[in-house]
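Reproduced below: work_16.txt, with compact mmCIF, C-alpha atoms.
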```txt
# COMPACT_ATOMS: atom_id res chain seq x y z
CA TYR B 1 -15.77 -15.39 4.18
CA ALA B 2 -16.73 -18.89 5.28
CA ARG B 3 -20.38 -18.06 4.55
CA TYR B 4 -19.68 -17.64 0.83
CA SER B 5 -19.67 -20.56 -1.57
CA ARG B 6 -16.45 -21.12 -3.50
CA GLU B 7 -18.17 -20.02 -6.71
CA ARG B 8 -19.52 -16.82 -5.20
CA PHE B 9 -16.18 -16.01 -3.59
CA LEU B 10 -14.26 -16.44 -6.86
CA ALA B 11 -16.79 -14.29 -8.71
CA LEU B 12 -16.45 -11.49 -6.15
CA ALA B 13 -12.65 -11.77 -6.17
CA ALA B 14 -12.66 -11.35 -9.95
CA GLU B 15 -14.92 -8.32 -9.58
CA GLY B 16 -12.51 -6.88 -7.01
CA ALA B 17 -9.54 -7.29 -9.33
CA THR B 18 -11.53 -5.73 -12.19
CA LEU B 19 -12.53 -2.80 -9.98
CA MET B 20 -8.88 -2.12 -9.20
CA GLN B 21 -8.01 -2.15 -12.89
CA GLU B 22 -10.91 0.20 -13.72
CA ALA B 23 -9.70 2.60 -11.03
CA GLY B 24 -6.23 2.63 -12.58
CA VAL B 25 -4.51 0.29 -10.09
CA ALA B 26 -2.38 -2.13 -12.10
CA THR B 27 -2.14 -5.53 -10.40
CA PHE B 28 -0.75 -9.01 -10.92
CA GLY B 29 -2.23 -12.28 -9.67
CA SER B 30 -5.21 -14.61 -9.65
CA ALA B 31 -7.69 -15.70 -7.00
CA GLU B 32 -7.19 -19.27 -8.24
CA GLN B 33 -3.65 -19.52 -6.86
CA ASN B 34 -1.39 -17.56 -4.50
CA HIS B 35 2.01 -16.21 -5.41
CA TYR B 36 4.57 -14.91 -2.90
CA ARG B 37 5.40 -11.27 -2.25
CA LEU B 38 8.63 -9.99 -0.71
CA THR B 39 7.91 -8.05 2.50
CA PRO B 40 9.90 -5.03 3.81
CA VAL B 41 12.02 -7.33 6.01
CA GLY B 42 12.74 -9.97 3.40
CA ALA B 43 10.13 -12.62 4.19
CA MET B 44 8.00 -14.19 1.45
CA LYS B 45 4.29 -13.97 2.19
CA PRO B 46 1.44 -15.54 0.18
CA ALA B 47 -0.77 -13.14 -1.75
CA TRP B 48 -3.25 -13.43 -4.57
CA LEU B 49 -3.01 -9.85 -5.81
CA THR B 50 0.09 -7.63 -5.92
CA PHE B 51 0.73 -4.25 -7.49
CA GLU B 52 2.58 -4.49 -10.78
CA GLY B 53 6.27 -3.74 -10.49
CA TYR B 54 6.66 -5.23 -7.01
CA VAL B 55 8.96 -8.14 -6.23
CA HIS B 56 7.05 -11.41 -6.31
CA SER B 57 7.73 -15.07 -7.01
CA PRO B 58 5.74 -18.24 -7.71
CA ASN B 59 7.79 -19.94 -4.98
CA ALA B 60 7.95 -19.34 -1.23
CA ASP B 61 11.68 -20.03 -0.97
CA SER B 62 13.23 -18.45 -4.05
CA LEU B 63 13.26 -15.31 -6.20
CA PRO B 64 13.21 -15.13 -10.01
CA TRP B 65 16.86 -13.94 -10.09
CA LYS B 66 20.21 -15.20 -8.85
CA ASN B 67 22.03 -11.85 -8.88
CA VAL B 68 20.43 -8.49 -8.01
CA ALA B 69 21.48 -4.94 -7.11
CA LEU B 70 19.55 -3.28 -4.27
CA PHE B 71 19.55 0.53 -4.06
CA ASN B 72 18.36 2.66 -1.14
CA ALA B 73 18.17 6.42 -0.64
CA GLU B 74 20.91 7.65 1.67
CA GLY B 75 19.44 8.35 5.13
CA PHE B 76 16.14 6.54 4.48
CA LEU B 77 15.67 4.46 7.64
CA ASP B 78 12.31 2.79 6.88
CA PHE B 79 13.92 0.34 4.47
CA TYR B 80 16.13 -2.42 5.82
CA ALA B 81 18.57 -3.26 3.05
CA GLN B 82 20.71 -5.54 5.21
CA PHE B 83 17.71 -7.64 6.28
CA LEU B 84 16.67 -7.95 2.65
CA LYS B 85 20.19 -8.86 1.54
CA ASP B 86 20.53 -11.58 4.19
CA GLU B 87 17.14 -13.12 3.43
CA MET B 88 17.75 -13.09 -0.31
CA LEU B 89 21.03 -14.90 0.24
CA HIS B 90 19.14 -17.62 2.13
CA MET B 91 16.92 -17.97 -0.93
CA GLY B 92 19.92 -18.36 -3.25
CA THR B 93 20.02 -14.81 -4.62
CA ARG B 94 23.23 -12.80 -4.38
CA CYS B 95 22.44 -9.17 -3.54
CA ALA B 96 24.81 -6.21 -3.79
CA THR B 97 23.58 -3.14 -1.85
CA TYR B 98 24.16 0.51 -2.71
CA THR B 99 22.94 3.90 -1.53
CA PHE B 100 22.22 6.91 -3.72
CA ASN B 101 22.00 10.62 -3.04
CA LEU B 102 20.45 13.48 -4.99
CA PRO B 103 20.25 17.25 -4.48
CA GLU B 104 16.49 16.88 -4.10
CA LEU B 105 17.03 14.46 -1.21
CA GLU B 106 19.33 16.94 0.51
CA GLN B 107 16.43 19.37 0.81
CA ILE B 108 14.24 16.97 2.78
CA ARG B 109 17.20 15.48 4.69
CA GLN B 110 17.68 18.79 6.53
CA ASN B 111 14.97 17.51 8.88
CA PRO B 112 15.53 13.78 9.59
CA THR B 113 11.84 13.28 10.41
CA GLU B 114 11.01 14.29 6.82
CA MET B 115 12.96 11.35 5.35
CA ARG B 116 9.84 9.25 5.02
CA SER B 117 8.67 7.24 2.03
CA ALA B 118 5.94 9.63 0.85
CA ASN B 119 8.24 12.67 0.93
CA ILE B 120 10.97 10.83 -0.95
CA ALA B 121 8.47 9.54 -3.50
CA ARG B 122 7.24 13.03 -4.35
CA ILE B 123 10.62 14.06 -5.71
CA PHE B 124 10.43 11.17 -8.20
CA ASP B 125 7.19 12.46 -9.67
CA LYS B 126 9.54 14.57 -11.82
CA ARG B 127 11.07 12.81 -14.82
CA GLU B 128 14.36 14.69 -14.47
CA THR B 129 14.83 13.23 -10.96
CA LEU B 130 14.20 9.71 -12.27
CA ASP B 131 16.75 10.41 -15.00
CA LYS B 132 19.36 11.34 -12.38
CA LEU B 133 18.59 8.15 -10.46
CA ALA B 134 18.89 6.08 -13.64
CA ASP B 135 22.37 7.51 -14.26
CA ILE B 136 23.48 6.59 -10.72
CA ILE B 137 22.11 3.05 -11.01
CA ALA B 138 23.62 2.50 -14.47
CA ALA B 139 27.07 3.35 -13.10
CA LYS B 140 26.82 0.84 -10.23
CA MET B 141 24.53 -2.05 -11.16
CA GLY B 142 27.19 -4.12 -12.93
CA ASP B 143 25.95 -7.47 -14.24
CA ALA B 144 22.91 -7.68 -11.93
CA GLU B 145 19.92 -9.43 -13.51
CA ALA B 146 17.53 -7.04 -11.76
CA VAL B 147 17.61 -3.70 -9.95
CA LEU B 148 15.56 -3.50 -6.74
CA LEU B 149 14.51 -0.30 -4.95
CA PRO B 150 12.20 0.77 -2.14
CA ALA B 151 8.71 1.68 -3.37
CA VAL B 152 9.40 5.42 -3.53
CA LEU B 153 9.40 6.02 -7.29
CA GLY B 154 6.69 8.67 -7.26
CA VAL B 155 3.26 9.23 -5.73
CA ASP B 156 1.39 10.62 -8.75
CA CYS B 157 3.81 9.03 -11.22
CA LYS B 158 2.81 5.36 -11.28
CA ASP B 159 5.07 4.19 -14.11
CA GLY B 160 8.43 4.87 -12.45
CA VAL B 161 9.37 1.19 -12.58
CA ARG B 162 8.62 0.89 -16.29
CA TYR B 163 10.42 4.15 -17.02
CA LEU B 164 13.60 3.00 -15.25
CA GLU B 165 13.44 -0.35 -17.06
CA GLN B 166 13.42 1.49 -20.39
CA LYS B 167 16.31 3.71 -19.32
CA LEU B 168 18.45 0.90 -17.87
CA GLY B 169 17.59 -1.98 -20.18
CA ARG B 170 17.29 -4.15 -17.08
CA LYS B 171 14.50 -5.62 -15.00
CA VAL B 172 13.46 -3.19 -12.24
CA ALA B 173 11.20 -4.03 -9.29
CA VAL B 174 10.32 -2.33 -6.01
CA ILE B 175 9.80 -3.54 -2.45
CA ALA B 176 7.22 -2.05 -0.10
CA THR B 177 8.59 -0.05 2.83
CA LEU B 178 7.34 0.21 6.38
CA PRO B 179 4.31 2.54 6.72
CA PRO B 180 3.46 5.11 5.58
CA SER B 181 3.42 3.14 2.36
CA VAL B 182 3.48 4.84 -1.02
CA PRO B 183 1.43 2.12 -2.74
CA GLY B 184 -1.21 2.55 -0.05
CA LEU B 185 -1.35 6.29 -0.71
CA GLN B 186 -1.54 5.70 -4.46
CA VAL B 187 -4.37 3.19 -4.18
CA GLN B 188 -6.31 5.39 -1.78
CA THR B 189 -6.02 8.32 -4.19
CA LEU B 190 -7.03 6.28 -7.25
CA LEU B 191 -9.97 4.56 -5.57
CA ARG B 192 -11.25 7.85 -4.15
CA ARG B 193 -10.93 9.49 -7.57
CA TYR B 194 -12.81 6.60 -9.21
CA PHE B 195 -15.52 6.74 -6.55
CA GLN B 196 -15.98 10.46 -7.22
CA GLU B 197 -16.06 9.92 -10.99
CA LEU B 198 -18.93 7.48 -10.44
CA GLY B 199 -20.84 10.21 -8.57
CA GLY B 200 -19.72 9.55 -5.00
CA VAL B 201 -19.17 12.36 -2.50
CA TYR B 202 -16.05 12.03 -0.36
CA MET B 203 -15.69 14.04 2.84
CA LEU B 204 -12.26 13.64 4.36
CA GLY B 205 -12.10 13.96 8.13
CA ASP B 206 -15.83 13.83 8.87
CA THR B 207 -17.09 11.39 11.50
CA ALA B 208 -20.44 9.65 11.86
CA VAL B 209 -21.79 10.44 15.33
CA GLY B 210 -25.47 9.45 15.23
CA TYR B 211 -28.27 7.87 13.26
CA LYS B 212 -32.04 7.75 12.85
CA SER B 213 -33.95 4.52 12.40
CA GLU B 214 -37.43 3.15 11.82
CA GLY B 215 -37.81 -0.36 13.15
CA ASN B 216 -34.60 -2.18 12.23
CA LYS B 217 -33.91 0.07 9.22
CA ILE B 218 -31.39 2.93 9.30
CA THR B 219 -32.96 5.97 7.64
CA ALA B 220 -30.33 8.67 8.18
CA ILE B 221 -26.78 9.24 9.42
CA TYR B 222 -25.54 12.37 11.22
CA THR B 223 -21.91 13.51 11.20
CA ARG B 224 -19.79 15.78 13.36
CA ASN B 225 -19.16 18.37 10.66
CA HIS B 226 -22.76 18.58 9.41
CA GLY B 227 -24.64 18.86 12.68
CA ASP B 228 -28.38 18.30 12.20
CA ILE B 229 -28.11 17.88 8.41
CA PRO B 230 -28.80 14.17 7.77
CA PHE B 231 -27.25 11.92 5.14
CA VAL B 232 -29.94 9.75 3.58
CA ALA B 233 -29.28 6.69 1.42
CA THR B 234 -30.86 3.38 0.49
CA ASN B 235 -28.02 1.41 2.06
CA TYR B 236 -25.18 2.13 4.49
CA VAL B 237 -21.86 0.36 4.99
CA LEU B 238 -20.28 0.34 8.44
CA ALA B 239 -16.53 0.47 7.73
CA THR B 240 -15.27 2.49 10.66
CA GLY B 241 -12.29 0.29 11.42
CA SER B 242 -10.89 -0.48 14.84
CA PHE B 243 -9.45 1.52 17.75
CA PHE B 244 -7.17 3.94 15.92
CA SER B 245 -9.92 5.22 13.63
CA GLY B 246 -12.61 5.23 16.34
CA GLY B 247 -14.60 2.25 15.08
CA LEU B 248 -14.09 0.60 18.47
CA GLU B 249 -13.61 2.14 21.88
CA ALA B 250 -12.02 0.46 24.87
CA THR B 251 -12.39 1.18 28.58
CA ASN B 252 -11.03 -0.70 31.57
CA ASP B 253 -14.01 -3.04 31.64
CA ARG B 254 -15.36 -3.30 28.08
CA ILE B 255 -14.93 -2.76 24.35
CA CYS B 256 -17.80 -1.16 22.46
CA GLU B 257 -18.80 -0.06 18.98
CA PRO B 258 -19.73 3.59 19.65
CA LEU B 259 -22.14 4.44 16.83
CA PHE B 260 -24.73 1.64 16.79
CA GLY B 261 -23.82 -0.30 19.90
CA ALA B 262 -23.17 -3.30 17.65
CA ASP B 263 -22.22 -6.56 19.33
CA VAL B 264 -18.49 -6.86 20.01
CA GLN B 265 -16.82 -10.08 21.09
CA TYR B 266 -13.90 -9.61 23.47
CA VAL B 267 -12.25 -11.31 26.43
CA GLU B 268 -13.92 -9.82 29.48
CA ASP B 269 -11.11 -10.72 31.87
CA ARG B 270 -8.42 -8.93 29.86
```

structure tokens encoding of this file:
Amino acid sequence: YARYSRERFLALAAEGATLMQEAGVATFGSAEQNHYRLTPVGAMKPAWLTFEGYVHSPNADSLPWKNVALFNAEGFLDFYAQFLKDEMLHMGTRCATYTFNLPELEQIRQNPTEMRSANIARIFDKRETLDKLADIIAAKMGDAEAVLLPAVLGVDCKDGVRYLEQKLGRKVAVIATLPPSVPGLQVQTLLRRYFQELGGVYMLGDTAVGYKSEGNKITAIYTRNHGDIPFVATNYVLATGSFFSGGLEATNDRICEPLFGADVQYVEDR
């Protein structure tokens, strides 16, 4: 990033925000100035772009409300309501916490390992489930200025926050959970769909294993699933990630980039 001029960086940031909007990812924020986003454990972290409907504030030490109601699904362990309540209190916001249960949750609760954010979110893709949740919240929220929930209000349904606001007549906002994160799944799906609409081909689970070059120019890429069938393009982007995704490999004595043998800086005596 340090190689970019300020002007070029701001132009690219604006393009990035526009790209998200074109792909259907609604966001809030500006590259000109950070705001602060509430993390899953109650800390405020600076950000320039946040998904719409998520808790954020212009200030690092306060929230936009003085009195909120925080709701969590019964048995959902990847959301720390007590941490959030304590941290909000430090920021001057009184937070009442509640749990809710639904018949649809009982089905996935039969296996505790299934009580993860993505599985919970899928039940809220149905309007009737959101309606049931709205009834539970309306009976408990009292005089809270805002209703806060974990970000599990649907995977395909992206307007769960707005829908609940209309039903409750109250400000509603969500807080990201620990991974796997529903907003991450939503953005991945929308960006992939947009990429394909623009003519891109997406092959989930394939892995680049080799390449062909002429001089210092890559002319073809080979993948595990396609054997000796090459992929040919004008340009290639190396975005293979780190260790978990195989973009880097570590042994006892070195760290290497396995596809191109690209230079990797690491502490040799590690």

Between B:Ser62, B:Thr113, B:Asn67, B:Gln21, which is the closest to Lys171 of chain B once you count all atoms listed in the file?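 Checking each candidate against Lys171 of chain B, we get B:Asn67 as the closest.
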
With a distance cut-off of 12 Å and all atoms listed in the file, select the neighbouring residues of Gly241 of chain B, excluding the residue or stretch itself and same-chain residues fewer than 5 positions from it, and output the selection as a list in words. Gly246, Gly247, Leu248, Glu249, Glu257, Pro258 and Leu259 of chain B

Centre, x/y/z edge lengths, axis-aligned box for segment 71-87 of chain B with 4 Å per side, as AutoDock Vina command-line options:
```
--center_x 16.6 --center_y -2.4 --center_z 1.8 --size_x 16.6 --size_y 29.5 --size_z 19.7
```

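Of the listed residues B:Pro150, B:Gly75, B:Gly53, B:Gly200, the one whose atoms come nearest to Met115 of chain B is B:Gly75, with distances taken using all atoms listed in the file.
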
Please list as a PDB file with C-alpha atoms, in the frame of the given file every residue within 12 Å of segment 128-131 of chain B, counting only C-alpha atoms and excluding residues in the same chain fewer than 3 positions away.
```pdb
ATOM      1  CA  ASN B 101      22.000  10.620  -3.040  1.00  0.00           C
ATOM      2  CA  LEU B 102      20.450  13.480  -4.990  1.00  0.00           C
ATOM      3  CA  PRO B 103      20.250  17.250  -4.480  1.00  0.00           C
ATOM      4  CA  GLU B 104      16.490  16.880  -4.100  1.00  0.00           C
ATOM      5  CA  LEU B 105      17.030  14.460  -1.210  1.00  0.00           C
ATOM      6  CA  ILE B 120      10.970  10.830  -0.950  1.00  0.00           C
ATOM      7  CA  ALA B 121       8.470   9.540  -3.500  1.00  0.00           C
ATOM      8  CA  ARG B 122       7.240  13.030  -4.350  1.00  0.00           C
ATOM      9  CA  ILE B 123      10.620  14.060  -5.710  1.00  0.00           C
ATOM     10  CA  PHE B 124      10.430  11.170  -8.200  1.00  0.00           C
ATOM     11  CA  ASP B 125       7.190  12.460  -9.670  1.00  0.00           C
ATOM     12  CA  ALA B 134      18.890   6.080 -13.640  1.00  0.00           C
ATOM     13  CA  ASP B 135      22.370   7.510 -14.260  1.00  0.00           C
ATOM     14  CA  ILE B 136      23.480   6.590 -10.720  1.00  0.00           C
ATOM     15  CA  ILE B 137      22.110   3.050 -11.010  1.00  0.00           C
ATOM     16  CA  ALA B 138      23.620   2.500 -14.470  1.00  0.00           C
ATOM     17  CA  VAL B 152       9.400   5.420  -3.530  1.00  0.00           C
ATOM     18  CA  LEU B 153       9.400   6.020  -7.290  1.00  0.00           C
ATOM     19  CA  GLY B 154       6.690   8.670  -7.260  1.00  0.00           C
ATOM     20  CA  CYS B 157       3.810   9.030 -11.220  1.00  0.00           C
ATOM     21  CA  ASP B 159       5.070   4.190 -14.110  1.00  0.00           C
ATOM     22  CA  GLY B 160       8.430   4.870 -12.450  1.00  0.00           C
ATOM     23  CA  VAL B 161       9.370   1.190 -12.580  1.00  0.00           C
ATOM     24  CA  ARG B 162       8.620   0.890 -16.290  1.00  0.00           C
ATOM     25  CA  TYR B 163      10.420   4.150 -17.020  1.00  0.00           C
ATOM     26  CA  LEU B 164      13.600   3.000 -15.250  1.00  0.00           C
ATOM     27  CA  GLU B 165      13.440  -0.350 -17.060  1.00  0.00           C
ATOM     28  CA  GLN B 166      13.420   1.490 -20.390  1.00  0.00           C
ATOM     29  CA  LYS B 167      16.310   3.710 -19.320  1.00  0.00           C
ATOM     30  CA  LEU B 168      18.450   0.900 -17.870  1.00  0.00           C
TER      31      LEU B 168
END
```

From B:Trp65, B:Phe71, B:Phe195, B:Tyr1, residue lying nearest Ala23 of chain B [only C-alpha atoms]: B:Phe195

I want to know what sits within 10 Å of Val267 of chain B, based on all atoms listed in the file, with residues of the same chain fewer than 6 positions away left out; could you give that as a VMD selection string? chain B and resid 253 to 255

What is the atom CA of Ala73 of chain B-atom CA of Cys95 of chain B distance in Å, reported with one decimal?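 Computing the Euclidean distance for atom CA of Ala73 of chain B and atom CA of Cys95 of chain B yields 16.4 Å.
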
Write out as a ChimeraX atom specification each polymer residue whose atoms come within 12 Å of Asn252 of chain B, counting only C-alpha atoms; drop sequence neighbours fewer than 4 positions from it. /B:256,267-270

For the residues selected in the previous step, produce a file with C-alpha atoms as a PDB file, in the coordinates of the input.
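The new file selection_3.pdb reads:
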```pdb
ATOM      1  CA  CYS B 256     -17.800  -1.160  22.460  1.00  0.00           C
ATOM      2  CA  VAL B 267     -12.250 -11.310  26.430  1.00  0.00           C
ATOM      3  CA  GLU B 268     -13.920  -9.820  29.480  1.00  0.00           C
ATOM      4  CA  ASP B 269     -11.110 -10.720  31.870  1.00  0.00           C
ATOM      5  CA  ARG B 270      -8.420  -8.930  29.860  1.00  0.00           C
TER       6      ARG B 270
END
```

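Between Leu63 of chain B and the residues B:Arg224, B:Arg170, B:Lys126, B:His35, the shortest atom-to-atom distance, using only C-alpha atoms, involves B:His35.
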
Option closest in space to Thr39 of chain B, from B:Val172, B:Ala11, B:Val264, B:Met88 [counting all atoms listed in the file]: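 Closest to Thr39 of chain B, using all atoms listed in the file: B:Met88.
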
Identify the residues around (12.3, -7.2, 0.6) within a radius of 12 Å, measuring from all atoms listed in the file in the coordinates stated by the file, and give them as number ranges by chain. B: 36-45, 54-57, 63, 68, 70-72, 78-89, 91, 95, 148-151, 173-178

Could you tell me which of B:Ile108, B:Glu15, B:Val25, B:Arg116 comes closest to Asp156 of chain B if we count only C-alpha atoms? B:Val25

What is the distance between atom CA of Tyr211 of chain B and atom CA of Thr223 of chain B, in Å to one decimal?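 For atom CA of Tyr211 of chain B relative to atom CA of Thr223 of chain B, the distance reads 8.7 Å.
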